[in-house]
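To keep things clear, I will list the structure first and then write my remarks on it.
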Amino acid sequence: MASPLWRRAASPASQPRGIVAGMTNATHSPSGPHRVVVVGGGFAGLRAVRSLRGAPVEVTLVDRQNFTLFQPLVYQVATGALSPAEIAAPLRSILRKQRNARVVLAEATGFDLEHREVVLEHLPNQGGSTTLGYDTLIVAGGSRYNYFGHDEWRADAPELKSLAGALDIRSRILAAFEAAELEPDPQLRQAWLTFVVVGAGPTGVEMAGQIAELARDVVRADFRSADTRAARVLLIEASGRVLTNFPASLSQKATSALERLGVTPLLNHTVVGVADDSVAIRGPDGEVAQTPARTAIWAAGVTASELATRLAEAAGAEVDRSGRVTVEPDLSLPGHPEVLALGDMVRVRAKDGTIVPLPGLAPVALQQGRYAARLVRDRLRGQATKPFRYVDKGDLATIGRSKAVADVKGLHLSGFTAWVTWLVVHLFYLIGFQNRLLVLIRWTVSFATRGRGARLIVRPPEGPAGHDTEGHQPDGLSERVR
């Protein structure tokens, strides 16, 4: 049977409450619909909302951006293979026909677990802050890359986690080729043609391979002075092999494929400094080499969203070194069964107290979102739900044109077969028929022509005095190219 803590808590009449237009106030009658608030419109959060379609609940999805992003293909935006709209979809469009769901564009900045409210800020109507009441809260804040205490590197080595970051990186890469075209000094030109990718997980491997293909195949005929085939792509990895989540045999095949593309994997190397014109790299012998490079991309380590820390502080729960909050086997917050946390921002504790190791992958988030919705339905019916169990369907990583590796339930694939598998899986999970069709057409044309149709440098708008507008990520890029 459902825990008493799960039921609607009557709020003291004297407690002030915020109201979002069209939403039931936190003090409404307990006989009203069960209110589910979902924070985060990524894989886990959106899956939870869609899986509650038709349930006797009132669902509110809160996100600070009005679209959901298919993150596994963000790197293709960063290298001009795809356009932003082809891997993103408006949340309101996705949920248009789901009558029990609505979207609130705002940022969740705090949680009042005692009164069951979420604090919202940065409202689009400039309404300041407000609160949103809930009976069930699902938090899926995601994660970001970990700079390991050196957040000052972020300006010169942006992370590939968001659409804005992808557009910034795309502009940096393409502008580096433009700068090399105009640079008369051979050493300075080579610095512009040196690209450093930090982290050899799937994102880093895919990014490095795409940059190498871009330099050697796509743009080589577009420039007159710069030989883009001379570009160096350095893939920095602290461990002894790339793709450490894959079997060793597939890691070796991925390394060989990268080297054939012209990527230089530097294994057992770590980055110890990042500047706008160089990257300091420590080798296995402890020696530090200063590598002239004008473009660096960060794809190493993962740290949880700040929402995990705020949720843990509100509940008195523990977080690990990566900032992930610990949840119970049913993904609920300890002491608060009405609060569920999902995705990259959590670690799951088994019944025996041990931590269940889960990879930070989209399939995990999707399965947790589906499980959270089932848990809500079961509790409303007074039924018990088994603990969450992740079903591992395998790992995929693409390296370049017709090159990929796949570990599917013990079946090891590489080369063209793995690449086709990768294409089919990603098209299947991409949201929206239109996006699937557009991406399929784009990939087909790109494969046939070796072209990239989205090679646009997006510069910040000019201010009235001719200065770049503040707060735009590519500012440093504009200064470099001038």
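Every chain in the structure tokens has a letter given in the order shown (A, B, ...), and although residue numbers restart at 1 in each chain, ligands are simply numbered from 1 in the order shown.
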| query | Quick one: residues within 8 Å of Gly199 (chain A), only C-alpha atoms counted, chain neighbours fewer than 2 positions away excluded, as an NGL selection string? | reply | :A and (197 or 201 or 204-205 or 235-238 or 298-301)
| Near-Arg102 (chain A) list (7 Å; only C-alpha atoms; drop same-chain fewer than 5 positions) as a count of residues only | 3
Contacts of region 269-309 of chain A with region 145-164 of chain A up to 6 Å, shortest pair per row, only C-alpha atoms, as a Markdown table:
```
| residue | atom | partner | partner_atom | distance |
| --- | --- | --- | --- | --- |
| A:Val274 | CA | A:Trp153 | CA | 5.7 |
| A:Asp276 | CA | A:Asp156 | CA | 5.4 |
| A:Ala296 | CA | A:Ala157 | CA | 4.7 |
| A:Ile297 | CA | A:Ala157 | CA | 4.8 |
| A:Trp298 | CA | A:Glu159 | CA | 4.7 |
| A:Gly301 | CA | A:Asn146 | CA | 4.9 |
| A:Val302 | CA | A:Tyr145 | CA | 4.4 |
| A:Thr303 | CA | A:Asn146 | CA | 5.2 |
```
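Here the DSSP assignment of strand (DSSP E), based on backbone atoms, applies within region 373-436 of chain A to Asp395, Leu396, Ala397, Thr398, Ile399, Gly400, Lys403, Ala404, Val405, Ala406, Asp407, Val408, Leu411, His412, Leu413 and Ser414 of chain A.
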| field | region 373-377 of chain A environment, 12 Å, only C-alpha atoms, sequence neighbours closer than 4 positions dropped, as JSON, numbers by chain | value | {"A": [2, 6, 7, 34, 35, 36, 37, 38, 44, 45, 46, 47, 48, 49, 50, 51, 52, 53, 54, 55, 56, 57, 58, 59, 135, 136, 137, 138, 329, 330, 331, 332, 337, 338, 339, 340, 342, 366, 367, 368, 369, 381, 382, 383, 384, 385, 386, 387, 388]}
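A straight line drawn from CA of Phe111 (chain A) to CA of Gly335 (chain A) is 14.6 Å long.
Close contacts of Leu361 (chain A), defined as residues with an atom at most 10 Å away when counting only C-alpha atoms, with chain neighbours fewer than 4 positions off set aside, comprise Phe43, Pro72, Gly343, Asp344, Ala365, Leu366 and Asp395 of chain A.
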Could you please write out, as a JSON list (two decimals) with C-alpha atoms, in the first residue's frame, every residue of region 53-240 of chain A that DSSP assigns to helix (DSSP H, G or I)?
```json
[["chain", "number", "residue", "atom", "x", "y", "z"],
["A", 71, "GLN", "CA", 22.04, 15.35, -26.77],
["A", 72, "PRO", "CA", 23.75, 12.36, -28.47],
["A", 73, "LEU", "CA", 23.79, 14.34, -31.73],
["A", 74, "VAL", "CA", 24.88, 17.71, -30.34],
["A", 75, "TYR", "CA", 28.41, 17.12, -31.58],
["A", 76, "GLN", "CA", 27.08, 16.98, -35.15],
["A", 77, "VAL", "CA", 25.75, 20.51, -34.73],
["A", 78, "ALA", "CA", 29.18, 21.53, -33.43],
["A", 84, "PRO", "CA", 20.08, 22.95, -34.33],
["A", 85, "ALA", "CA", 16.38, 22.56, -35.18],
["A", 86, "GLU", "CA", 17.01, 19.05, -36.51],
["A", 91, "LEU", "CA", 8.24, 21.05, -25.54],
["A", 92, "ARG", "CA", 4.81, 22.56, -26.13],
["A", 93, "SER", "CA", 4.64, 21.00, -29.57],
["A", 94, "ILE", "CA", 5.52, 17.57, -28.18],
["A", 151, "ASP", "CA", 36.10, 26.31, -13.98],
["A", 152, "GLU", "CA", 38.29, 29.13, -15.32],
["A", 153, "TRP", "CA", 39.16, 26.78, -18.21],
["A", 154, "ARG", "CA", 35.56, 26.85, -19.38],
["A", 155, "ALA", "CA", 36.03, 30.10, -21.34],
["A", 163, "LEU", "CA", 22.86, 23.76, -27.99],
["A", 164, "ALA", "CA", 24.49, 27.09, -27.17],
["A", 165, "GLY", "CA", 27.74, 25.29, -26.44],
["A", 166, "ALA", "CA", 27.55, 23.42, -29.75],
["A", 167, "LEU", "CA", 27.03, 26.64, -31.71],
["A", 168, "ASP", "CA", 29.92, 28.26, -29.85],
["A", 169, "ILE", "CA", 32.22, 25.33, -30.64],
["A", 170, "ARG", "CA", 31.10, 25.28, -34.28],
["A", 171, "SER", "CA", 31.99, 28.95, -34.61],
["A", 172, "ARG", "CA", 35.38, 28.39, -32.97],
["A", 173, "ILE", "CA", 36.26, 25.47, -35.25],
["A", 174, "LEU", "CA", 35.21, 27.18, -38.47],
["A", 175, "ALA", "CA", 36.79, 30.50, -37.45],
["A", 176, "ALA", "CA", 40.05, 28.67, -36.74],
["A", 177, "PHE", "CA", 40.18, 27.57, -40.39],
["A", 178, "GLU", "CA", 39.45, 31.16, -41.45],
["A", 179, "ALA", "CA", 42.23, 32.47, -39.22],
["A", 180, "ALA", "CA", 44.68, 29.90, -40.60],
["A", 181, "GLU", "CA", 43.85, 31.09, -44.12],
["A", 182, "LEU", "CA", 44.97, 34.63, -43.23],
["A", 186, "PRO", "CA", 53.69, 28.93, -40.32],
["A", 187, "GLN", "CA", 53.91, 28.28, -36.56],
["A", 188, "LEU", "CA", 50.96, 30.50, -35.73],
["A", 189, "ARG", "CA", 49.02, 28.96, -38.60],
["A", 190, "GLN", "CA", 49.66, 25.48, -37.19],
["A", 191, "ALA", "CA", 48.35, 26.64, -33.79],
["A", 192, "TRP", "CA", 45.10, 27.63, -35.47],
["A", 202, "PRO", "CA", 31.85, 8.50, -26.72],
["A", 203, "THR", "CA", 31.40, 12.28, -27.07],
["A", 204, "GLY", "CA", 35.12, 13.00, -27.22],
["A", 205, "VAL", "CA", 35.79, 10.19, -29.69],
["A", 206, "GLU", "CA", 32.91, 11.22, -31.92],
["A", 207, "MET", "CA", 33.92, 14.88, -31.78],
["A", 208, "ALA", "CA", 37.57, 14.19, -32.60],
["A", 209, "GLY", "CA", 36.62, 12.00, -35.55],
["A", 210, "GLN", "CA", 34.24, 14.62, -36.93],
["A", 211, "ILE", "CA", 36.84, 17.42, -36.71],
["A", 212, "ALA", "CA", 39.39, 15.24, -38.51],
["A", 213, "GLU", "CA", 36.91, 14.47, -41.30],
["A", 214, "LEU", "CA", 35.95, 18.14, -41.52],
["A", 215, "ALA", "CA", 39.59, 19.18, -41.99],
["A", 216, "ARG", "CA", 40.67, 16.42, -44.35],
["A", 217, "ASP", "CA", 37.60, 15.87, -46.51],
["A", 218, "VAL", "CA", 34.99, 18.61, -46.17],
["A", 228, "THR", "CA", 43.48, 22.05, -43.71],
["A", 229, "ARG", "CA", 44.77, 18.51, -44.22],
["A", 230, "ALA", "CA", 47.70, 19.54, -42.00]]
```
| request: Find the residues near Arg64 (chain A): any atom within 12 Å, counting only C-alpha atoms, skip ones fewer than 4 places away on the same chain, and give them as a list in words. | output: Val39, Gly40, Gly41, Gly42, Thr68, Leu91, Val103, Val104, Leu105, Ala106, Glu107, Ala108, Thr109, Leu120, Glu121, His122, Leu123, Pro124 and Gly141 of chain A
I need the residues from that last selection saved to file as a PDB file, in the first residue's frame (with N, CA and C atoms), if you can.
```pdb
ATOM      1  N   VAL A  39      10.578  18.569 -13.081  1.00  0.00           N
ATOM      2  CA  VAL A  39      11.594  19.592 -13.330  1.00  0.00           C
ATOM      3  C   VAL A  39      12.637  19.017 -14.278  1.00  0.00           C
ATOM      4  N   GLY A  40      12.720  19.584 -15.472  1.00  0.00           N
ATOM      5  CA  GLY A  40      13.690  19.120 -16.465  1.00  0.00           C
ATOM      6  C   GLY A  40      13.025  18.430 -17.636  1.00  0.00           C
ATOM      7  N   GLY A  41      13.233  18.974 -18.840  1.00  0.00           N
ATOM      8  CA  GLY A  41      12.613  18.412 -20.040  1.00  0.00           C
ATOM      9  C   GLY A  41      13.573  17.618 -20.897  1.00  0.00           C
ATOM     10  N   GLY A  42      14.556  16.964 -20.259  1.00  0.00           N
ATOM     11  CA  GLY A  42      15.483  16.115 -20.983  1.00  0.00           C
ATOM     12  C   GLY A  42      14.919  14.720 -21.169  1.00  0.00           C
ATOM     13  N   THR A  68      13.350  20.438 -26.024  1.00  0.00           N
ATOM     14  CA  THR A  68      14.134  19.296 -25.567  1.00  0.00           C
ATOM     15  C   THR A  68      15.204  19.026 -26.608  1.00  0.00           C
ATOM     16  N   LEU A  91       8.963  21.864 -26.523  1.00  0.00           N
ATOM     17  CA  LEU A  91       8.242  21.054 -25.535  1.00  0.00           C
ATOM     18  C   LEU A  91       6.733  21.175 -25.716  1.00  0.00           C
ATOM     19  N   VAL A 103       3.274  23.135 -19.805  1.00  0.00           N
ATOM     20  CA  VAL A 103       4.683  23.509 -19.723  1.00  0.00           C
ATOM     21  C   VAL A 103       4.800  24.875 -19.081  1.00  0.00           C
ATOM     22  N   VAL A 104       5.748  25.022 -18.169  1.00  0.00           N
ATOM     23  CA  VAL A 104       6.063  26.313 -17.553  1.00  0.00           C
ATOM     24  C   VAL A 104       7.517  26.633 -17.863  1.00  0.00           C
ATOM     25  N   LEU A 105       7.745  27.749 -18.552  1.00  0.00           N
ATOM     26  CA  LEU A 105       9.098  28.192 -18.866  1.00  0.00           C
ATOM     27  C   LEU A 105       9.643  28.987 -17.684  1.00  0.00           C
ATOM     28  N   ALA A 106      10.496  28.363 -16.905  1.00  0.00           N
ATOM     29  CA  ALA A 106      11.061  28.986 -15.714  1.00  0.00           C
ATOM     30  C   ALA A 106      12.228  28.134 -15.238  1.00  0.00           C
ATOM     31  N   GLU A 107      12.978  28.646 -14.292  1.00  0.00           N
ATOM     32  CA  GLU A 107      14.093  27.892 -13.719  1.00  0.00           C
ATOM     33  C   GLU A 107      13.771  27.525 -12.278  1.00  0.00           C
ATOM     34  N   ALA A 108      13.853  26.247 -11.965  1.00  0.00           N
ATOM     35  CA  ALA A 108      13.659  25.790 -10.589  1.00  0.00           C
ATOM     36  C   ALA A 108      14.935  26.079  -9.804  1.00  0.00           C
ATOM     37  N   THR A 109      14.808  26.870  -8.745  1.00  0.00           N
ATOM     38  CA  THR A 109      15.992  27.290  -7.986  1.00  0.00           C
ATOM     39  C   THR A 109      15.989  26.801  -6.544  1.00  0.00           C
ATOM     40  N   LEU A 120      10.344  28.874  -8.263  1.00  0.00           N
ATOM     41  CA  LEU A 120      10.614  29.168  -9.666  1.00  0.00           C
ATOM     42  C   LEU A 120      11.088  30.602  -9.820  1.00  0.00           C
ATOM     43  N   GLU A 121      12.094  30.799 -10.642  1.00  0.00           N
ATOM     44  CA  GLU A 121      12.610  32.138 -10.938  1.00  0.00           C
ATOM     45  C   GLU A 121      12.847  32.277 -12.430  1.00  0.00           C
ATOM     46  N   HIS A 122      13.234  33.490 -12.844  1.00  0.00           N
ATOM     47  CA  HIS A 122      13.504  33.804 -14.250  1.00  0.00           C
ATOM     48  C   HIS A 122      12.293  33.504 -15.127  1.00  0.00           C
ATOM     49  N   LEU A 123      11.144  33.966 -14.685  1.00  0.00           N
ATOM     50  CA  LEU A 123       9.914  33.777 -15.442  1.00  0.00           C
ATOM     51  C   LEU A 123       9.914  34.684 -16.666  1.00  0.00           C
ATOM     52  N   PRO A 124       9.378  34.249 -17.793  1.00  0.00           N
ATOM     53  CA  PRO A 124       9.420  35.056 -19.015  1.00  0.00           C
ATOM     54  C   PRO A 124       8.585  36.327 -18.944  1.00  0.00           C
ATOM     55  N   GLY A 141      17.404  16.903 -13.396  1.00  0.00           N
ATOM     56  CA  GLY A 141      18.187  18.086 -13.759  1.00  0.00           C
ATOM     57  C   GLY A 141      19.372  17.816 -14.655  1.00  0.00           C
TER      58      GLY A 141
END
```
| Within 8 Å of region 410-420 of chain A, counting only C-alpha atoms, which residues qualify if same-chain residues fewer than 5 places away don't, as a ChimeraX atom specification? | /A:250,253,394,396,398,402-405
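Going from CA of Gly453 (chain A) to CA of Gln65 (chain A) covers 25.8 Å.
Distances from A:Val356, A:Ala289, A:Leu456, A:Leu438 to Val272 (chain A) were compared using only C-alpha atoms, and the smallest one belongs to A:Ala289.
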| note | One decimal place gives the CA of Asn66 (chain A)-CA of Glu117 (chain A) separation as 21.7 Å
